[in-house]
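K.L.:
This structure is in structure tokens; I'll ask about it shortly.
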Amino acid sequence: MLLTDQLLLNYKRCRRRTYLEVYGNREEQDPEKEFLLKLKRENQLHIANTLESKSLVYQRPKGKNWLLNWQQTKELMEQGVECIYGGSLYLSLSQWQTSIAIKDHNKDHNDDSNQANIAFLGKPTLLIKRPGKSIFGDWLYIPINIKLGRRPKPEYKLIAAYHAQMLAAIQGVLPPQSQLILRQQNTYQIQLDYWLERMHSIVAECIAMLMAKQEPEVFISRQRCSLCNWYSHCYNLAKSQQHLSLIPGITPKRYESLIGMGLDNLESIAAVSQDHLEEKIGKTVAVLLKQQTQSLLLEKAMIRADYNLQHLPPTSPIELYFDIEAEPDRQVDYLLGVLLVDRIHNTKKFYPFLAEHPTEEAQAWQQFWEFVSLYPEAKIFHFSEYEVETIKRLAGLYQTPKSSTQVLLSRFVDLHHWVTKTVILPVESYSLKSLANWLGFEWREAEGSGDQSVCWYDSWLTTKDRTFLDAILSYNEDDCYATYYLKNWLVEFLNQSEFDPVKNSEIS
Ligand code: SF4
């Protein structure tokens, strides 16, 4: 078995993913998401731009398979070439074990791995020659990894330390540095003392898990799982197990506390005493969790126990429902979509302010601004903080006066905030899609998502095929409609509950 840097990086994000990559049934994997393929292409472009901007003259091993690539990389290192791009590093298990200082607390793991048919493979983006003594002569190599991320994430640091350790075994001396080059082409130095030690123990744990074939438990986390191509497999398993990670608000830490109390299903959480639950996870979380489990078991919407019914979301004759399509990494907001709802004349019309090219963002902003200024009394409903942050960004970028921006923002009403502060719903997540689906609303673009919209925009820019723009417009319009239906439902539900407390637990 080859322990690659990619397996190790996945292990840092989700242990189960590494297990599935090695032992999972490939037929159960989802096809790679278009958004991920796009990120991979951008990463390649970022590497090419970095090499060019730093005027790096490199040699590249031509071997397609990893073994040939490694042999050629080693030859290039022996020759002392200045920069090797796209090389491989390889170690047998005994070479790895000799190169690391085996800590007592890792002894068991290493005993396991002694039995293992395991080897180590790493692919640093660059190997750069530096003065120093090594088995090659008066030079040594340091690893550099070029990443598209903005921040030096822990998993990047782990892999940088892994490459440094492999080089130590290969060249007979630990490289003095291991670096990351990030999105803005800024260089980040890894603290090798700290990360080497952490990496040793993570590698040992990972090997132990793989050798023992211990399948880590599923835990669905929206942020971590959304781009994983084992998602359908894991989600179906979690569903079949009625896994607690499908309950909103259950974090890995809270999950451990609940399991520690012997609470592993909805019924047991609903049955446990409030006081007992509060002792373990705190009062506020316990109250919410109790209500959430009740809502899921009864499949009913409920008013939050701590909500004061005197406050309702505002309603006005003209209302605007606002949603943005954006590529935050590139800092481009390419569509500002507004649904105008006239409650007096009972009409609805969608107004898209679209930058057909990123350079037209200023024009879209200007048109949006003029439009919302036509309805100075209208509240502007949106879902999540992103819209407010974007208005601030665009206003700053295009020199809109601060006082006018403040007036505009005072009209904004965050429906996500209203929903989560007032009601508990029988859903797995409080995302717009999950809530609107629960209401029976369906998007015309069934595969639509924020990430997919970014891919459509990219495809539009490269192909000029307007069907991609149409898909973005349709998806954004439906986001606005979903926000509108959600707001209607919420006001109606809260109103009914106000007049008839008995209906507190009924879906209107
Ligand atoms: S879907 Fe989530 S739990 Fe499953 S392997 Fe991927 S990241 Fe891990």
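The chains in the structure tokens are called A, B, ... from first to last as shown; in each chain the residues are counted from 1, and the ligands are counted from 1 in the order shown.
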Hey, what's within 9 Å of Ser94 of chain A if we count only C-alpha atoms and toss same-chain stuff fewer than 3 positions away? As a PDB file with C-alpha atoms, in the first residue's frame, please?

P.N.:
```
ATOM      1  CA  LEU A  91      10.503   5.760   0.732  1.00  0.00           C
ATOM      2  CA  GLN A  97      11.148   4.328  10.163  1.00  0.00           C
ATOM      3  CA  THR A  98      14.894   4.893  10.193  1.00  0.00           C
ATOM      4  CA  SER A  99      14.427   8.555   9.326  1.00  0.00           C
ATOM      5  CA  ASN A 114       6.107  -3.228  11.033  1.00  0.00           C
ATOM      6  CA  ALA A 119       5.527   2.583   1.348  1.00  0.00           C
TER       7      ALA A 119
END
```

K.L.:
For ligand 1, collect every residue having any atom at a distance of at most 10 Å from a ligand atom (counting only C-alpha atoms and all ligand atoms); output as a PyMOL selection string.

P.N.:
chain A and resi 10-11+13-21+24+29+216-238+245

K.L.:
If you keep C-alpha atoms, can you produce a file of those selected residues as a PDB file, in the first residue's frame?

P.N.:
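Output contents, as saved in part23.pdb:
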```
ATOM      1  CA  ASN A  10      -7.591  13.750   3.226  1.00  0.00           C
ATOM      2  CA  TYR A  11      -6.945  12.027   6.550  1.00  0.00           C
ATOM      3  CA  ARG A  13      -9.774  16.587   6.813  1.00  0.00           C
ATOM      4  CA  CYS A  14     -11.752  13.377   7.329  1.00  0.00           C
ATOM      5  CA  ARG A  15     -10.350  10.004   8.405  1.00  0.00           C
ATOM      6  CA  ARG A  16     -13.220   8.182   6.825  1.00  0.00           C
ATOM      7  CA  ARG A  17     -12.347   9.619   3.446  1.00  0.00           C
ATOM      8  CA  THR A  18      -8.855   8.112   3.517  1.00  0.00           C
ATOM      9  CA  TYR A  19     -10.341   4.788   4.546  1.00  0.00           C
ATOM     10  CA  LEU A  20     -12.839   4.907   1.650  1.00  0.00           C
ATOM     11  CA  GLU A  21     -10.141   5.940  -0.834  1.00  0.00           C
ATOM     12  CA  GLY A  24     -14.210   1.791  -0.577  1.00  0.00           C
ATOM     13  CA  GLN A  29     -18.261   7.180  -5.575  1.00  0.00           C
ATOM     14  CA  PRO A 216     -14.268   5.404  10.786  1.00  0.00           C
ATOM     15  CA  GLU A 217     -17.834   6.253  11.669  1.00  0.00           C
ATOM     16  CA  VAL A 218     -19.750   8.476   9.272  1.00  0.00           C
ATOM     17  CA  PHE A 219     -20.300  12.073  10.360  1.00  0.00           C
ATOM     18  CA  ILE A 220     -22.029  14.397   7.931  1.00  0.00           C
ATOM     19  CA  SER A 221     -20.774  17.952   8.141  1.00  0.00           C
ATOM     20  CA  ARG A 222     -22.109  20.276   5.466  1.00  0.00           C
ATOM     21  CA  GLN A 223     -18.944  22.298   5.170  1.00  0.00           C
ATOM     22  CA  ARG A 224     -16.574  19.331   5.014  1.00  0.00           C
ATOM     23  CA  CYS A 225     -18.687  16.875   3.022  1.00  0.00           C
ATOM     24  CA  SER A 226     -20.227  19.108   0.362  1.00  0.00           C
ATOM     25  CA  LEU A 227     -17.332  18.718  -2.099  1.00  0.00           C
ATOM     26  CA  CYS A 228     -16.438  15.123  -1.230  1.00  0.00           C
ATOM     27  CA  ASN A 229     -17.149  12.522  -3.884  1.00  0.00           C
ATOM     28  CA  TRP A 230     -18.162   9.959  -1.243  1.00  0.00           C
ATOM     29  CA  TYR A 231     -21.014  12.206  -0.150  1.00  0.00           C
ATOM     30  CA  SER A 232     -23.940  10.164  -1.542  1.00  0.00           C
ATOM     31  CA  HIS A 233     -22.503   6.969  -0.081  1.00  0.00           C
ATOM     32  CA  CYS A 234     -21.934   8.548   3.355  1.00  0.00           C
ATOM     33  CA  TYR A 235     -25.226  10.435   3.372  1.00  0.00           C
ATOM     34  CA  ASN A 236     -27.239   7.295   2.553  1.00  0.00           C
ATOM     35  CA  LEU A 237     -25.436   5.431   5.302  1.00  0.00           C
ATOM     36  CA  ALA A 238     -26.070   8.253   7.797  1.00  0.00           C
ATOM     37  CA  SER A 245     -24.932  14.302  12.615  1.00  0.00           C
TER      38      SER A 245
END
```

K.L.:
Find the residues around segment 150-163 of chain A up to 7 Å (only C-alpha atoms counted), leave out those fewer than 3 positions away in its own chain, and share them as a list in words.

P.N.:
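Residues near the query, excluding close chain neighbours: Asp5, Leu9, Lys12, Gly122, Pro124, Pro143, Met166, Leu167, Ser178, Gln179, Leu182, Arg183, Ile190, Leu192, Trp195, Leu196 and Met199 of chain A.
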
K.L.:
List as a list of chain:residue names the protein and nucleic acid residues near segment 57-70 of chain A, meaning an atom at most 7 Å away when only C-alpha atoms are counted, but skip any in the same chain fewer than 5 places from it.

P.N.:
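Listed by chain and then number, they are A:Glu82, A:Cys83, A:Ile84, A:Tyr85, A:Gly86, A:Gly87, A:Ser88, A:Leu89, A:Tyr90.
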
K.L.:
Would you export the selected residues with N, CA and C atoms as a short mmCIF file (atom, residue, chain, number, x, y, z; two decimals), in the first residue's frame, please?

P.N.:
```cif
data_model
loop_
_atom_site.label_atom_id
_atom_site.label_comp_id
_atom_site.auth_asym_id
_atom_site.auth_seq_id
_atom_site.Cartn_x
_atom_site.Cartn_y
_atom_site.Cartn_z
N GLU A 82 18.97 22.98 -10.45
CA GLU A 82 18.56 24.07 -9.54
C GLU A 82 17.12 23.92 -9.06
N CYS A 83 16.23 23.52 -9.97
CA CYS A 83 14.81 23.48 -9.60
C CYS A 83 14.14 22.30 -10.31
N ILE A 84 13.46 21.45 -9.52
CA ILE A 84 12.76 20.29 -10.10
C ILE A 84 11.27 20.51 -9.89
N TYR A 85 10.55 20.49 -10.99
CA TYR A 85 9.09 20.72 -10.92
C TYR A 85 8.38 19.41 -11.26
N GLY A 86 7.36 19.05 -10.42
CA GLY A 86 6.57 17.84 -10.71
C GLY A 86 7.29 16.55 -10.42
N GLY A 87 8.24 16.57 -9.48
CA GLY A 87 8.95 15.35 -9.13
C GLY A 87 8.21 14.54 -8.07
N SER A 88 8.78 13.35 -7.76
CA SER A 88 8.18 12.47 -6.73
C SER A 88 9.25 12.08 -5.73
N LEU A 89 8.80 11.82 -4.51
CA LEU A 89 9.70 11.31 -3.46
C LEU A 89 9.13 9.98 -3.00
N TYR A 90 10.02 9.02 -2.81
CA TYR A 90 9.55 7.67 -2.43
C TYR A 90 10.41 7.12 -1.30
#
```

K.L.:
Using only C-alpha atoms, which of the listed residues (A:Val81, A:Ile250, A:Leu425, A:Cys480) sits closest to Asp323 of chain A?

P.N.:
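Selected residue with least distance to Asp323 of chain A: A:Cys480.
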
K.L.:
Which residues come within 8 Å of segment 291-294 of chain A, counting only C-alpha atoms, excluding same-chain residues fewer than 6 positions away, as a tab-separated table (two decimals) with N, CA and C atoms, in the first residue's frame?

P.N.:
```
chain	number	residue	atom	x	y	z
A	247	ILE	N	-28.77	15.93	12.53
A	247	ILE	CA	-29.59	16.88	13.30
A	247	ILE	C	-28.87	18.23	13.33
A	248	PRO	N	-29.54	19.31	12.91
A	248	PRO	CA	-28.86	20.61	12.94
A	248	PRO	C	-28.35	20.92	14.34
A	266	LEU	N	-32.78	9.94	18.08
A	266	LEU	CA	-33.69	11.05	18.39
A	266	LEU	C	-34.53	10.76	19.64
A	267	GLU	N	-35.05	9.53	19.70
A	267	GLU	CA	-35.96	9.18	20.80
A	267	GLU	C	-35.25	9.30	22.15
A	269	ILE	N	-32.73	11.20	22.94
A	269	ILE	CA	-32.49	12.62	23.30
A	269	ILE	C	-33.81	13.24	23.78
A	270	ALA	N	-34.90	12.91	23.09
A	270	ALA	CA	-36.19	13.47	23.49
A	270	ALA	C	-36.58	12.99	24.89
A	302	MET	N	-42.11	24.45	14.96
A	302	MET	CA	-42.39	24.94	16.32
A	302	MET	C	-41.82	26.34	16.49
A	304	ARG	N	-39.58	28.79	18.57
A	304	ARG	CA	-38.46	28.60	19.49
A	304	ARG	C	-38.87	29.00	20.90
A	305	ALA	N	-38.44	28.21	21.87
A	305	ALA	CA	-38.87	28.43	23.26
A	305	ALA	C	-38.49	29.83	23.75
A	424	ILE	N	-38.22	26.39	15.00
A	424	ILE	CA	-37.46	25.13	14.89
A	424	ILE	C	-38.21	24.30	13.86
A	425	LEU	N	-37.50	23.82	12.85
A	425	LEU	CA	-38.17	23.10	11.76
A	425	LEU	C	-37.63	21.68	11.62
A	426	PRO	N	-38.46	20.78	11.10
A	426	PRO	CA	-38.01	19.38	10.94
A	426	PRO	C	-37.14	19.20	9.70
```

K.L.:
I want to know what sits within 12 Å of Asp306 of chain A, based on only C-alpha atoms, with residues of the same chain fewer than 4 positions away left out; could you give that as a ChimeraX atom specification?

P.N.:
/A:283-285,287-288,291,302,420-424

K.L.:
Tell me, as a list in words, which residues lie within 8 Å of Asp479 of chain A, counting only C-alpha atoms; anything in the same chain fewer than 2 positions away does not count.

P.N.:
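Close residues of Asp479 of chain A: Asp323, Leu432, Trp443, Tyr475, Asn476, Glu477, Tyr481, Ala482 and Thr483 of chain A.
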
K.L.:
Atom CA of Ala436 of chain A and atom CA of Gln242 of chain A are how many Å apart?

P.N.:
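Separation between atom CA of Ala436 of chain A and atom CA of Gln242 of chain A: 22.1 Å.
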